[in-house]
>>> print(open('protein_32.pdb').read())   # PDB, C-alpha atoms
ATOM      1  CA  MET Y   1      19.384  37.631  11.555
ATOM      2  CA  SER Y   2      18.830  38.045   7.845
ATOM      3  CA  ASP Y   3      15.702  36.947   5.973
ATOM      4  CA  LYS Y   4      17.946  35.840   3.139
ATOM      5  CA  ASN Y   5      18.994  32.182   3.261
ATOM      6  CA  PRO Y   6      22.691  31.819   2.470
ATOM      7  CA  TYR Y   7      22.126  28.432   0.853
ATOM      8  CA  GLU Y   8      19.284  27.277  -1.333
ATOM      9  CA  ILE Y   9      19.260  23.852  -2.931
ATOM     10  CA  PRO Y  10      17.485  23.852  -6.310
ATOM     11  CA  ALA Y  11      14.249  21.827  -6.452
ATOM     12  CA  GLY Y  12      15.639  19.253  -8.895
ATOM     13  CA  VAL Y  13      18.700  18.668  -6.750
ATOM     14  CA  ARG Y  14      16.511  18.460  -3.624
ATOM     15  CA  ALA Y  15      14.448  15.699  -5.257
ATOM     16  CA  GLN Y  16      17.600  13.752  -6.167
ATOM     17  CA  VAL Y  17      19.071  14.133  -2.687
ATOM     18  CA  MET Y  18      15.820  13.053  -1.023
ATOM     19  CA  ALA Y  19      15.493  10.009  -3.296
ATOM     20  CA  GLY Y  20      19.075   9.014  -2.537
ATOM     21  CA  LEU Y  21      18.511   9.481   1.181
ATOM     22  CA  ALA Y  22      15.357   7.351   1.056
ATOM     23  CA  LEU Y  23      17.340   4.508  -0.520
ATOM     24  CA  ALA Y  24      20.155   4.977   1.983
ATOM     25  CA  TRP Y  25      17.687   5.004   4.903
ATOM     26  CA  ASP Y  26      16.125   1.760   3.660
ATOM     27  CA  GLY Y  27      19.511   0.129   3.187
ATOM     28  CA  GLN Y  28      20.841   1.218   6.568
ATOM     29  CA  TRP Y  29      17.665   0.096   8.308
ATOM     30  CA  PHE Y  30      17.983  -3.352   6.742
ATOM     31  CA  LEU Y  31      21.664  -3.613   7.661
ATOM     32  CA  LYS Y  32      21.034  -2.679  11.300
ATOM     33  CA  VAL Y  33      18.145  -5.161  11.647
ATOM     34  CA  ASN Y  34      20.347  -7.784   9.981
ATOM     35  CA  ASP Y  35      23.172  -7.052  12.445
ATOM     36  CA  LYS Y  36      20.848  -7.359  15.450
ATOM     37  CA  PHE Y  37      18.420 -10.133  14.441
ATOM     38  CA  GLY Y  38      19.982 -11.938  11.474
ATOM     39  CA  TRP Y  39      19.265 -12.172   7.784
ATOM     40  CA  ASP Y  40      16.014 -14.161   7.969
ATOM     41  CA  ALA Y  41      14.308 -11.741  10.365
ATOM     42  CA  ALA Y  42      15.641  -8.679   8.541
ATOM     43  CA  SER Y  43      14.432 -10.024   5.190
ATOM     44  CA  GLU Y  44      10.961 -10.853   6.489
ATOM     45  CA  ILE Y  45      10.498  -7.485   8.195
ATOM     46  CA  ASN Y  46      11.947  -5.631   5.211
ATOM     47  CA  THR Y  47       9.619  -7.427   2.789
ATOM     48  CA  ARG Y  48       6.556  -6.651   4.909
ATOM     49  CA  THR Y  49       7.624  -3.023   5.282
ATOM     50  CA  ARG Y  50       8.420  -2.632   1.572
ATOM     51  CA  HIS Y  51       5.032  -4.018   0.590
ATOM     52  CA  ALA Y  52       3.226  -1.630   2.967
ATOM     53  CA  PHE Y  53       5.313   1.237   1.615
ATOM     54  CA  GLY Y  54       4.494   0.171  -1.966
ATOM     55  CA  ARG Y  55       0.813   0.836  -1.316
ATOM     56  CA  LEU Y  56       1.685   4.225   0.196
ATOM     57  CA  GLU Y  57       3.863   5.106  -2.808
ATOM     58  CA  MET Y  58       1.096   4.527  -5.321
ATOM     59  CA  ARG Y  59      -1.690   6.096  -3.240
ATOM     60  CA  SER Y  60       0.461   9.183  -2.683
ATOM     61  CA  THR Y  61       1.301   9.373  -6.378
ATOM     62  CA  LEU Y  62      -2.366   9.123  -7.342
ATOM     63  CA  LEU Y  63      -3.168  11.880  -4.849
ATOM     64  CA  ALA Y  64      -0.375  14.086  -6.214
ATOM     65  CA  LEU Y  65      -1.770  13.571  -9.714
ATOM     66  CA  GLY Y  66      -5.318  14.387  -8.585
ATOM     67  CA  LYS Y  67      -6.575  10.864  -9.295
ATOM     68  CA  LYS Y  68      -8.434   8.350  -7.141
ATOM     69  CA  LYS Y  69      -7.323   5.386  -9.238
ATOM     70  CA  ALA Y  70      -5.784   4.594 -12.582
ATOM     71  CA  ASP Y  71      -8.160   4.398 -15.548
ATOM     72  CA  SER Y  72      -6.626   1.273 -17.122
ATOM     73  CA  LEU Y  73      -3.573  -0.944 -17.024
ATOM     74  CA  GLN Y  74      -1.817   1.472 -19.409
ATOM     75  CA  ASP Y  75      -2.743   4.414 -17.183
ATOM     76  CA  ALA Y  76      -1.528   2.502 -14.108
ATOM     77  CA  LEU Y  77       1.815   1.960 -15.813
ATOM     78  CA  GLU Y  78       2.025   5.668 -16.635
ATOM     79  CA  VAL Y  79       1.243   6.615 -13.013
ATOM     80  CA  TRP Y  80       3.876   4.138 -11.815
ATOM     81  CA  GLN Y  81       6.411   5.594 -14.272
ATOM     82  CA  ALA Y  82       5.612   9.120 -13.040
ATOM     83  CA  TYR Y  83       6.448   7.968  -9.519
ATOM     84  CA  PHE Y  84       9.726   6.415 -10.585
ATOM     85  CA  ARG Y  85      10.733   9.463 -12.623
ATOM     86  CA  MET Y  86      10.127  11.544  -9.502
ATOM     87  CA  PHE Y  87      12.081   9.044  -7.402
ATOM     88  CA  GLY Y  88      15.094   9.012  -9.665
ATOM     89  CA  ALA Y  89      14.638   6.463 -12.419
ATOM     90  CA  ASP Y  90      16.395   8.945 -14.691
ATOM     91  CA  ARG Y  91      19.476   8.668 -12.421
ATOM     92  CA  GLY Y  92      19.820   4.943 -12.882
ATOM     93  CA  VAL Y  93      17.923   3.865  -9.756
ATOM     94  CA  PHE Y  94      15.853   1.566 -11.929
ATOM     95  CA  ALA Y  95      15.859   0.678 -15.618
ATOM     96  CA  GLY Y  96      13.301  -1.472 -17.349
ATOM     97  CA  ASP Y  97      11.165  -2.154 -20.406
ATOM     98  CA  TYR Y  98       7.405  -2.630 -20.460
ATOM     99  CA  ALA Y  99       4.905  -4.165 -22.857
ATOM    100  CA  ILE Y 100       1.145  -4.462 -22.459
ATOM    101  CA  GLU Y 101      -0.802  -7.113 -24.282
ATOM    102  CA  GLY Y 102      -4.467  -7.314 -23.371
ATOM    103  CA  ASP Y 103      -4.765  -7.387 -19.586
ATOM    104  CA  THR Y 104      -1.115  -8.335 -18.988
ATOM    105  CA  LEU Y 105       1.896  -6.111 -18.418
ATOM    106  CA  ALA Y 106       5.321  -7.668 -19.028
ATOM    107  CA  VAL Y 107       8.120  -5.955 -17.095
ATOM    108  CA  THR Y 108      11.786  -6.553 -17.844
ATOM    109  CA  VAL Y 109      14.172  -5.050 -15.278
ATOM    110  CA  HIS Y 110      17.741  -4.322 -16.363
ATOM    111  CA  LYS Y 111      18.956  -2.332 -13.340
ATOM    112  CA  CYS Y 112      17.824  -2.360  -9.718
ATOM    113  CA  ALA Y 113      19.468  -0.064  -7.168
ATOM    114  CA  ALA Y 114      18.167  -2.176  -4.272
ATOM    115  CA  ARG Y 115      19.892  -5.268  -5.639
ATOM    116  CA  ASP Y 116      23.064  -3.297  -6.341
ATOM    117  CA  GLY Y 117      23.034  -2.033  -2.742
ATOM    118  CA  ALA Y 118      22.555  -5.545  -1.368
ATOM    119  CA  LYS Y 119      25.548  -6.740  -3.395
ATOM    120  CA  ARG Y 120      27.705  -3.828  -2.142
ATOM    121  CA  ALA Y 121      26.747  -4.627   1.468
ATOM    122  CA  LYS Y 122      28.237  -8.133   1.056
ATOM    123  CA  LEU Y 123      25.434  -9.695   3.065
ATOM    124  CA  GLU Y 124      25.200 -13.367   3.932
ATOM    125  CA  LYS Y 125      22.794 -13.548   0.956
ATOM    126  CA  ASP Y 126      22.388 -10.833  -1.676
ATOM    127  CA  VAL Y 127      18.836 -11.755  -2.724
ATOM    128  CA  GLN Y 128      17.153  -9.496  -0.155
ATOM    129  CA  ALA Y 129      15.980  -7.027  -2.810
ATOM    130  CA  CYS Y 130      14.549  -9.879  -4.898
ATOM    131  CA  LEU Y 131      12.399 -11.075  -2.019
ATOM    132  CA  THR Y 132      10.512  -7.788  -1.853
ATOM    133  CA  CYS Y 133       9.708  -7.959  -5.576
ATOM    134  CA  GLU Y 134       8.026 -11.353  -5.312
ATOM    135  CA  ARG Y 135       4.727  -9.510  -4.792
ATOM    136  CA  LEU Y 136       5.663  -5.836  -5.099
ATOM    137  CA  TRP Y 137       4.331  -5.312  -8.641
ATOM    138  CA  GLU Y 138       1.053  -6.907  -7.574
ATOM    139  CA  ILE Y 139       0.884  -4.558  -4.590
ATOM    140  CA  TRP Y 140       1.700  -1.438  -6.636
ATOM    141  CA  PHE Y 141      -0.870  -2.219  -9.310
ATOM    142  CA  SER Y 142      -3.524  -3.310  -6.787
ATOM    143  CA  ALA Y 143      -3.255   0.148  -5.230
ATOM    144  CA  LEU Y 144      -3.491   1.787  -8.663
ATOM    145  CA  LEU Y 145      -6.352  -0.412  -9.927
ATOM    146  CA  PRO Y 146      -8.445  -1.249  -6.837
ATOM    147  CA  ASP Y 147     -11.356  -2.388  -9.007
ATOM    148  CA  HIS Y 148      -9.232  -5.134 -10.614
ATOM    149  CA  ASP Y 149      -7.955  -8.501  -9.516
ATOM    150  CA  ILE Y 150      -4.198  -8.187  -9.859
ATOM    151  CA  SER Y 151      -1.808 -11.102 -10.017
ATOM    152  CA  GLN Y 152       1.922 -11.253 -10.510
ATOM    153  CA  GLU Y 153       4.071 -13.961 -11.996
ATOM    154  CA  THR Y 154       7.792 -13.798 -11.266
ATOM    155  CA  ILE Y 155       9.633 -15.413 -14.157
ATOM    156  CA  ALA Y 156      13.274 -14.383 -13.689
ATOM    157  CA  ARG Y 157      15.336 -12.523 -11.077
ATOM    158  CA  MET Y 158      18.847 -11.131 -11.363
ATOM    159  CA  GLY Y 159      19.524 -11.910  -7.727
ATOM    160  CA  PHE Y 160      19.020 -15.588  -8.499
ATOM    161  CA  GLY Y 161      21.429 -15.615 -11.431
ATOM    162  CA  ASP Y 162      19.174 -14.521 -14.284
ATOM    163  CA  PRO Y 163      20.519 -11.809 -16.628
ATOM    164  CA  GLN Y 164      17.460  -9.640 -15.928
ATOM    165  CA  CYS Y 165      14.263  -9.733 -13.912
ATOM    166  CA  LEU Y 166      11.019 -10.549 -15.664
ATOM    167  CA  PHE Y 167       7.549 -10.116 -14.199
ATOM    168  CA  ARG Y 168       4.063 -10.456 -15.632
ATOM    169  CA  VAL Y 169       1.307  -8.440 -14.000
ATOM    170  CA  THR Y 170      -2.263  -9.329 -14.950
ATOM    171  CA  ALA Y 171      -5.164  -6.968 -14.216
ATOM    172  CA  LYS Y 172      -8.657  -8.400 -14.628
ATOM    173  CA  ALA Y 173     -11.663  -6.154 -13.997
ATOM    174  CA  LYS Y 174     -13.741  -7.400 -11.049
TER     175      LYS Y 174
END
>>> encode(input="protein_32.pdb", output="structure tokens")
Amino acid sequence: MSDKNPYEIPAGVRAQVMAGLALAWDGQWFLKVNDKFGWDAASEINTRTRHAFGRLEMRSTLLALGKKKADSLQDALEVWQAYFRMFGADRGVFAGDYAIEGDTLAVTVHKCAARDGAKRAKLEKDVQACLTCERLWEIWFSALLPDHDISQETIARMGFGDPQCLFRVTAKAK
């Protein structure tokens, strides 16, 4: 047996493949739970799981960056963006615009791979991805700014017929 590996996947390609597989795993898991237990149960379990995973995502990103928490709302946004660049935002997994005014972050989402996947799956309802976002920004930013009271206002959602999603995340120091 040779010490030389006949195949080596470049690091950048590995990251893209792993991000794609993570999305596929999530989608397949939802579809199988939906098949077995129905849309309502699958949506509830998926939302709970996604929210728990959201905390893990941000804590892991902080750890990878050598930080215990974000320094400010702007820093939290930059940590979040670092995570999404790593996860494949540059491949069209997610596209959005952000604006911070005072203690409020406005997020406008133009593209959401989770919503696109739900539409492709032709589920009984295609709003499954929207349900996880009802509190997901609050959960992400609560993990990044544990010394703040975080609230989220959901203003518009593509899955409910709006042309884009719009969220406001407010971070008030405790």
>>> residues_near_point(input="protein_32.pdb", point="(17.5, -10.1, 6.9)", cutoff="12 Å", atoms="all atoms listed in the file", output="CSV table (one decimal) with C-alpha atoms, keeping the file's coordinate frame")
chain,number,residue,atom,x,y,z
Y,27,GLY,CA,19.5,0.1,3.2
Y,28,GLN,CA,20.8,1.2,6.6
Y,29,TRP,CA,17.7,0.1,8.3
Y,30,PHE,CA,18.0,-3.4,6.7
Y,31,LEU,CA,21.7,-3.6,7.7
Y,32,LYS,CA,21.0,-2.7,11.3
Y,33,VAL,CA,18.1,-5.2,11.6
Y,34,ASN,CA,20.3,-7.8,10.0
Y,35,ASP,CA,23.2,-7.1,12.4
Y,36,LYS,CA,20.8,-7.4,15.4
Y,37,PHE,CA,18.4,-10.1,14.4
Y,38,GLY,CA,20.0,-11.9,11.5
Y,39,TRP,CA,19.3,-12.2,7.8
Y,40,ASP,CA,16.0,-14.2,8.0
Y,41,ALA,CA,14.3,-11.7,10.4
Y,42,ALA,CA,15.6,-8.7,8.5
Y,43,SER,CA,14.4,-10.0,5.2
Y,44,GLU,CA,11.0,-10.9,6.5
Y,45,ILE,CA,10.5,-7.5,8.2
Y,46,ASN,CA,11.9,-5.6,5.2
Y,47,THR,CA,9.6,-7.4,2.8
Y,48,ARG,CA,6.6,-6.7,4.9
Y,118,ALA,CA,22.6,-5.5,-1.4
Y,123,LEU,CA,25.4,-9.7,3.1
Y,124,GLU,CA,25.2,-13.4,3.9
Y,125,LYS,CA,22.8,-13.5,1.0
Y,126,ASP,CA,22.4,-10.8,-1.7
Y,127,VAL,CA,18.8,-11.8,-2.7
Y,128,GLN,CA,17.2,-9.5,-0.2
Y,129,ALA,CA,16.0,-7.0,-2.8
Y,131,LEU,CA,12.4,-11.1,-2.0
Y,132,THR,CA,10.5,-7.8,-1.9
>>> resolve_selection(input="protein_32.pdb", expression="the PyMOL selection byres ((chain Y and resi 141) around 12)", output="PyMOL selection string")
chain Y and resi 51+54-59+62+69-81+104-105+135-140+142-152+168-172
>>> axis_aligned_box(input="protein_32.pdb", around="stretch 108-115 of chain Y", padding_each_side="5 Å", output="lines of an AutoDock Vina configuration file")
center_x = 15.8
center_y = -3.3
center_z = -11.1
size_x = 18.1
size_y = 16.5
size_z = 23.6
>>> atom_distance(input="protein_32.pdb", atom1="atom CA of Y:Gln16", atom2="atom CA of Y:Tyr83")
13.0 Å
>>> atom_distance(input="protein_32.pdb", atom1="atom CA of Y:Tyr98", atom2="atom CA of Y:Cys130")
18.6 Å
>>> atom_distance(input="protein_32.pdb", atom1="atom CA of Y:Lys111", atom2="atom CA of Y:Pro163")
10.2 Å
>>> residues_near_point(input="protein_32.pdb", point="(18.5, -1.0, -23.4)", cutoff="12 Å", atoms="all atoms listed in the file", output="list in words")
Ala95, Gly96, Asp97, Tyr98, Thr108, Val109, His110, Lys111 and Gln164 of chain Y
